[in-house]
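J.: Following this line is my_file14.txt, made up of compact mmCIF, C-alpha atoms:
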# COMPACT_ATOMS: atom_id res chain seq x y z
CA MET A 1 7.66 -11.70 5.53
CA GLY A 2 9.08 -8.22 5.28
CA TYR A 3 7.36 -4.86 4.99
CA PHE A 4 5.49 -4.66 1.67
CA LEU A 5 5.71 -8.48 1.85
CA VAL A 6 8.92 -8.68 -0.23
CA TYR A 7 11.15 -6.02 1.38
CA GLU A 8 14.67 -6.91 2.63
CA THR A 9 14.68 -10.21 0.68
CA MET A 10 13.21 -12.03 3.69
CA LEU A 11 11.00 -14.09 1.40
CA SER A 12 13.98 -14.92 -0.83
CA SER A 13 15.76 -16.43 2.17
CA VAL A 14 12.73 -18.60 2.94
CA ILE A 15 12.55 -19.77 -0.68
CA PHE A 16 16.23 -20.72 -0.55
CA ALA A 17 15.70 -22.75 2.63
CA ARG A 18 12.61 -24.44 1.17
CA ASN A 19 14.43 -25.51 -2.00
CA ARG A 20 17.40 -26.84 -0.10
CA TRP A 21 15.94 -28.56 2.94
CA MET A 22 12.21 -29.17 2.67
CA LYS A 23 11.23 -32.83 2.18
CA PRO A 24 9.01 -33.82 -0.76
CA ASP A 25 5.99 -34.15 1.52
CA GLY A 26 6.83 -31.00 3.50
CA ILE A 27 4.61 -27.96 3.82
CA MET A 28 5.28 -24.23 3.98
CA LEU A 29 3.75 -22.18 6.77
CA PRO A 30 2.25 -19.90 5.71
CA THR A 31 1.31 -21.50 2.39
CA GLU A 32 0.05 -18.45 0.50
CA ALA A 33 0.56 -14.69 0.59
CA THR A 34 -1.36 -11.86 -1.08
CA LEU A 35 -0.38 -8.19 -1.32
CA PHE A 36 -3.14 -5.57 -1.56
CA LEU A 37 -3.26 -1.91 -2.62
CA GLY A 38 -5.67 0.85 -1.60
CA ALA A 39 -5.80 4.66 -1.56
CA PHE A 40 -5.81 6.77 1.60
CA THR A 41 -6.31 10.28 2.90
CA TRP A 42 -4.08 11.88 5.55
CA PRO A 43 -4.30 15.70 5.58
CA GLY A 44 -2.79 15.91 9.06
CA LYS A 45 0.43 14.22 7.92
CA ILE A 46 0.76 16.57 4.96
CA GLN A 47 0.23 19.63 7.14
CA GLU A 48 2.65 18.37 9.79
CA ASN A 49 5.47 17.60 7.38
CA ILE A 50 4.95 20.02 4.49
CA GLY A 51 2.24 22.60 5.11
CA CYS A 52 3.95 24.03 8.19
CA TRP A 53 6.74 25.42 5.99
CA ARG A 54 4.39 27.92 4.36
CA ARG A 55 4.45 30.17 7.41
CA MET A 56 6.54 29.52 10.53
CA TYR A 57 7.21 31.97 13.37
CA GLY A 58 5.82 34.73 11.17
CA TYR A 59 8.26 34.07 8.32
CA ASP A 60 7.71 32.67 4.84
CA PHE A 61 9.58 29.35 4.50
CA SER A 62 7.83 28.33 1.28
CA PRO A 63 11.15 28.13 -0.65
CA LEU A 64 11.88 25.04 1.48
CA LEU A 65 8.69 23.29 0.35
CA PRO A 66 10.36 21.29 -2.47
CA LEU A 67 12.97 19.92 -0.05
CA ALA A 68 10.34 19.14 2.58
CA SER A 69 8.23 17.44 -0.06
CA ARG A 70 11.06 15.19 -1.21
CA SER A 71 11.71 13.95 2.32
CA LEU A 72 8.11 12.72 2.56
CA LEU A 73 7.27 11.84 -1.02
CA GLU A 74 10.36 9.98 -2.27
CA GLU A 75 10.44 7.19 0.31
CA PRO A 76 7.52 5.11 1.55
CA ILE A 77 6.84 5.08 5.27
CA VAL A 78 5.61 2.22 7.44
CA GLU A 79 2.84 3.35 9.78
CA MET A 80 -0.65 2.37 10.88
CA LEU A 81 -3.66 3.79 9.08
CA THR A 82 -7.20 3.71 10.40
CA PRO A 83 -10.25 2.39 8.51
CA GLN A 84 -11.52 5.97 8.38
CA GLN A 85 -8.50 6.93 6.24
CA GLU A 86 -9.32 4.40 3.53
CA VAL A 87 -10.71 6.23 0.51
CA THR A 88 -11.01 3.23 -1.80
CA GLU A 89 -11.48 -0.48 -1.71
CA SER A 90 -8.28 -2.51 -1.56
CA VAL A 91 -7.50 -4.89 -4.42
CA PRO A 92 -4.92 -7.70 -4.71
CA ILE A 93 -1.82 -6.86 -6.75
CA LEU A 94 0.41 -9.87 -6.02
CA HIS A 95 -0.46 -13.44 -5.05
CA LEU A 96 2.20 -15.98 -4.13
CA ASN A 97 1.87 -19.72 -3.63
CA LEU A 98 4.76 -20.17 -1.24
CA MET A 99 5.02 -23.87 -2.02
CA ILE A 100 6.13 -23.18 -5.60
CA VAL A 101 7.13 -19.51 -5.92
CA GLU A 102 10.74 -18.88 -6.96
CA GLU A 103 13.01 -15.92 -6.34
CA LYS A 104 12.80 -14.82 -9.98
CA ASP A 105 9.07 -14.23 -9.45
CA ILE A 106 9.68 -11.50 -6.87
CA ILE A 107 12.94 -9.90 -8.06
CA GLU A 108 10.98 -7.86 -10.58
CA TRP A 109 7.22 -7.71 -11.05
CA LYS A 110 4.48 -5.44 -12.32
CA ALA A 111 0.86 -4.93 -11.35
CA ASN A 112 -2.15 -2.86 -12.34
CA ALA A 113 -4.84 -1.77 -9.90
CA THR A 114 -8.19 -0.01 -10.27
CA LEU A 115 -9.27 1.42 -6.93
CA LYS A 116 -12.92 2.40 -6.54
CA ALA A 117 -13.63 5.23 -4.10
CA ILE A 118 -16.01 4.39 -1.26
CA ILE A 119 -16.08 7.94 0.13
CA THR A 120 -15.49 11.48 -1.12
CA ALA A 121 -12.10 12.72 0.07
CA ARG A 122 -8.71 13.95 -1.02
CA VAL A 123 -6.37 11.12 -1.92
CA HIS A 124 -2.84 11.62 -0.61
CA GLY A 125 -1.43 8.37 -1.95
CA VAL A 126 -1.72 4.61 -1.92
CA PHE A 127 -0.93 2.06 0.76
CA ALA A 128 -0.03 -1.62 0.66
CA TRP A 129 -0.84 -4.38 3.12
CA PHE A 130 -0.75 -8.15 2.94
CA GLU A 131 -2.33 -11.28 4.31
CA VAL A 132 -0.91 -14.78 4.65
CA GLN A 133 -2.76 -18.06 4.89
CA PHE A 134 -2.12 -20.99 7.22
CA PRO A 135 -3.96 -24.21 6.29
CA ARG A 136 -6.30 -25.68 8.86
CA SER A 137 -5.88 -29.41 9.52
CA LYS A 138 -8.91 -31.70 9.16
CA SER A 139 -8.59 -32.89 12.75
CA ASP A 140 -8.63 -29.29 14.02
CA THR A 141 -11.73 -28.55 11.94
CA LYS A 142 -13.54 -31.60 13.33
CA GLU A 143 -12.56 -30.74 16.91
CA ARG A 144 -13.88 -27.20 16.59
CA SER A 145 -17.11 -28.43 15.00
CA SER A 146 -17.67 -30.95 17.81
CA LYS A 147 -17.38 -28.14 20.34
CA GLY A 148 -20.15 -26.23 18.62
CA GLU A 149 -17.80 -23.69 17.07
CA LYS A 150 -18.36 -22.44 13.54
CA LYS A 151 -16.94 -24.88 11.00
CA LEU A 152 -13.89 -23.52 9.22
CA ASP A 153 -13.55 -23.79 5.47
CA ASP A 154 -10.47 -24.91 3.55
CA SER A 155 -8.95 -21.43 3.60
CA GLY A 156 -7.73 -21.97 7.15
CA LEU A 157 -6.31 -19.21 9.31
CA ILE A 158 -5.62 -15.77 7.84
CA LEU A 159 -3.09 -13.31 9.27
CA SER A 160 -3.94 -9.86 7.91
CA THR A 161 -2.11 -6.53 8.13
CA SER A 162 -5.11 -4.54 6.87
CA PRO A 163 -6.03 -1.26 8.62
CA GLU A 164 -9.35 -2.92 9.42
CA ASP A 165 -7.72 -5.71 11.44
CA GLU A 166 -5.69 -5.78 14.63
CA PRO A 167 -2.41 -3.78 14.40
CA THR A 168 0.70 -5.80 13.56
CA HIS A 169 4.45 -5.26 13.44
CA TRP A 170 4.19 -4.83 9.64
CA ALA A 171 1.60 -2.01 9.78
CA GLN A 172 1.02 -0.67 6.23
CA THR A 173 3.48 0.59 3.65
CA ILE A 174 2.45 4.11 2.62
CA PHE A 175 3.31 5.88 -0.64
CA PHE A 176 2.50 9.60 -0.82
CA PHE A 177 1.66 11.09 -4.22
CA ASN A 178 3.22 14.34 -5.41
CA ASP A 179 -0.27 15.71 -6.14
CA PHE A 180 -3.44 15.12 -4.16
CA PRO A 181 -6.64 14.68 -6.22
CA LEU A 182 -10.04 15.19 -4.70
CA VAL A 183 -12.07 12.09 -5.58
CA GLU A 184 -15.77 11.56 -5.20
CA GLN A 185 -17.50 8.35 -4.23
CA ASP A 186 -17.45 5.83 -7.11
CA ASP A 187 -14.54 7.61 -8.82
CA ARG A 188 -11.54 5.45 -9.59
CA VAL A 189 -7.83 5.81 -8.99
CA GLU A 190 -5.88 3.72 -11.48
CA ALA A 191 -2.33 2.67 -10.63
CA LYS A 192 0.47 0.84 -12.41
CA LEU A 193 3.32 -0.52 -10.29
CA ASN A 194 6.78 -1.60 -11.34
CA VAL A 195 8.75 -3.17 -8.47
CA THR A 196 12.40 -4.18 -8.82
CA THR A 197 15.11 -5.29 -6.44
CA ASN A 198 17.78 -2.61 -6.16
CA ALA A 199 20.80 -3.45 -8.33
CA GLN A 200 23.35 -2.36 -5.70
CA ASN A 201 21.65 -3.81 -2.61
CA SER A 202 19.28 -6.75 -2.98
CA ARG A 203 17.65 -5.96 0.38
CA LEU A 204 16.20 -2.72 -1.01
CA LEU A 205 13.43 -2.02 -3.51
CA ASP A 206 12.92 0.50 -6.31
CA ILE A 207 9.21 1.15 -6.87
CA ASP A 208 7.64 3.18 -9.67
CA ILE A 209 3.94 4.03 -9.45
CA CYS A 210 2.03 5.65 -12.32
CA TRP A 211 -1.45 6.81 -11.37
CA ARG A 212 -4.39 8.80 -12.59
CA HIS A 213 -7.83 9.86 -11.37
CA GLN A 214 -10.84 8.64 -13.35
CA PRO A 215 -14.10 10.40 -12.37
CA ALA A 216 -17.22 8.26 -12.36
CA THR A 217 -19.14 11.06 -14.07
CA THR A 218 -17.98 13.74 -16.46
CA ARG A 219 -17.24 17.00 -14.67
CA THR A 220 -14.91 19.95 -15.19
CA SER A 221 -12.14 21.23 -12.95
CA GLY A 222 -14.35 24.08 -11.79
CA GLU A 223 -17.04 21.85 -10.34
CA SER A 224 -17.04 21.30 -6.60
CA SER A 225 -17.92 18.28 -4.51
CA LYS A 226 -20.89 18.86 -2.26
CA GLY A 227 -20.38 18.36 1.44
CA VAL A 228 -16.58 18.21 1.21
CA GLN A 229 -14.55 20.61 3.28
CA LYS A 230 -11.60 22.19 1.50
CA HIS A 231 -8.21 21.42 3.00
CA ASP A 232 -5.23 23.76 2.62
CA ASP A 233 -2.95 20.92 1.55
CA ALA A 234 0.60 22.02 0.91
CA CYS A 235 1.91 21.30 -2.58
CA ALA A 236 -1.59 20.35 -3.73
CA ALA A 237 -2.92 21.66 -6.99
CA SER A 238 -6.22 23.51 -7.15
CA VAL A 239 -8.88 21.92 -4.98
CA HIS A 240 -10.90 20.87 -8.00
CA THR A 241 -8.13 19.93 -10.44
CA LEU A 242 -8.76 16.58 -12.15
CA PHE A 243 -5.71 14.40 -12.74
CA LEU A 244 -6.85 12.59 -15.89
CA ASP A 245 -3.35 12.08 -17.32
CA TRP A 246 -0.93 9.54 -15.93
CA LYS A 247 1.42 10.91 -13.27
CA ASN A 248 4.57 9.10 -12.20
CA SER A 249 6.10 8.75 -8.72
CA SER A 250 9.34 6.90 -7.97
CA TYR A 251 10.25 5.60 -4.54
CA LYS A 252 13.35 4.16 -2.94
CA MET A 253 12.39 1.70 -0.22
CA ARG A 254 15.36 1.92 2.13
Once more with this new file: its structure as structure tokens, please.
T.:
Amino acid sequence: MGYFLVYETMLSSVIFARNRWMKPDGIMLPTEATLFLGAFTWPGKIQENIGCWRRMYGYDFSPLLPLASRSLLEEPIVEMLTPQQEVTESVPILHLNLMIVEEKDIIEWKANATLKAIITARVHGVFAWFEVQFPRSKSDTKERSSKGEKKLDDSGLILSTSPEDEPTHWAQTIFFFNDFPLVEQDDRVEAKLNVTTNAQNSRLLDIDICWRHQPATTRTSGESSKGVQKHDDACAASVHTLFLDWKNSSYKMR
């Protein structure tokens, strides 16, 4: 598996090997893979990479903000988030049965996601993580049960790269938005993804994400969220602006 599950055509290489060499009664390990999407908050990263250009050494560097923004917002980054940075629930956007999936299924694909906010916070973008499943043999299940251990179900062993699990080499793939809506608990962030393999280099990905903020209750841009501290986020619109229309962000995963 690669970052974002399908990056660098690692999965394509495995599919090629499976089709060419696996026996009819063979099995793929892992057998299934699922990619998830959630929304996050990270004001410190924005301030560190963008906000600092507003005033540095007593001088106004704000004309450099667009350039600084592009360096952070046009390419996803691979880093570890903490559970405290998760603003919404994560939902599955791609499920692959590795016994039967073909390369055409991952060269280009689309997904829709509705992310429900579990806290009130400013959303700085969305992040992706995945989990893969290894089947548990019947003999292993019986052995564990005989030792008094909890009986395992048919789902077997799960390797997860979620922020809520142990850190892994894959971390999470993070996509910063070009605007940062303030969402309240139970609001929704809707996202539409279009993922394609780069035409010039099959190891790379081109990812388009359209998103919008859907408040749970009707409120105007002038209304504030109680108990939420205002952050001086660089390049953010007004603290209380509602992003009801679809906004588009394009990323080059290099």
J.: For a quick check of understanding, using all atoms listed in the file, which of A:Ala39, A:Ile107, A:Ile209, A:Met10 has the smallest distance to Arg122 in chain A?
T.: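 Under the stated criterion, the closest residue is A:Ala39.
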J.: From the options A:Val126, A:Val87, A:Val14, A:Ile27, which residue's atoms come nearest to Phe176 in chain A, counting all atoms listed in the file?
T.: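 Closest to Phe176 in chain A, using all atoms listed in the file: A:Val126.
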J.: As an exercise, work out the distance from CA of Phe127 in chain A to CA of Pro63 in chain A in Å and give it to one decimal place.
T.: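 Separation between CA of Phe127 in chain A and CA of Pro63 in chain A: 28.8 Å.
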J.: Taking the point (-17.4, 7.0, -4.3) as given in the file, collect each protein or nucleic acid residue that comes within 9 Å of it, counting only C-alpha atoms, and present the set as a PyMOL selection string.
T.: chain A and resi 87-88+116-121+183-188+216
J.: Counting only C-alpha atoms, what is within 12 Å of Lys104 in chain A, bar same-chain residues fewer than 5 positions away, as number ranges by chain?
T.: A: 9, 11-12, 15-16, 109, 196-197
J.: With a distance cut-off of 7 Å and all atoms listed in the file, select the neighbouring residues of range 75-82 of chain A, excluding the residue or stretch itself and same-chain residues fewer than 2 positions from it, and output the selection as a VMD selection string.
T.: chain A and resid 72 to 73 84 to 85 163 171 to 175 251 to 253
J.: From the set A:Tyr57, A:Trp211, A:Trp129, A:Phe40, which residue has the shortest atom-to-atom contact distance to Asp245 in chain A, counting only C-alpha atoms?
T.: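 Closest candidate: A:Trp211.
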J.: What's the 6 Å shell around Leu204 in chain A, counting all atoms listed in the file, without same-chain residues fewer than 3 positions away, as a list in words?
T.: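 Final neighbour list, sorted by chain and number: Glu8, Asn198, Asn201, Met253 and Arg254 of chain A.
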J.: Kindly save the residues from that selection, with C-alpha atoms included, as a PDB file, keeping the file's coordinate frame.
T.:
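Done, and the output landed in again04.pdb:
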ATOM      1  CA  GLU A   8      14.670  -6.910   2.630  1.00  0.00           C
ATOM      2  CA  ASN A 198      17.780  -2.610  -6.160  1.00  0.00           C
ATOM      3  CA  ASN A 201      21.650  -3.810  -2.610  1.00  0.00           C
ATOM      4  CA  MET A 253      12.390   1.700  -0.220  1.00  0.00           C
ATOM      5  CA  ARG A 254      15.360   1.920   2.130  1.00  0.00           C
TER       6      ARG A 254
END
J.: Work out how far CA of Glu86 in chain A is from CA of Cys210 in chain A, in Å to one decimal.
T.: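 According to the coordinates, CA of Cys210 in chain A and CA of Glu86 in chain A are separated by 19.5 Å.
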J.: Tell me which of A:Gly2, A:Gly58, A:Gly125, A:Gly26 sits closest to Gly38 in chain A, counting only C-alpha atoms.
T.: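 Of the candidates, the smallest distance to Gly38 in chain A is held by A:Gly125.
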J.: Could you check how far CA of Glu166 in chain A sits from CA of Phe130 in chain A, in Å to one decimal?
T.: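 If I compute the distance from CA of Glu166 in chain A to CA of Phe130 in chain A, I get 12.9 Å.
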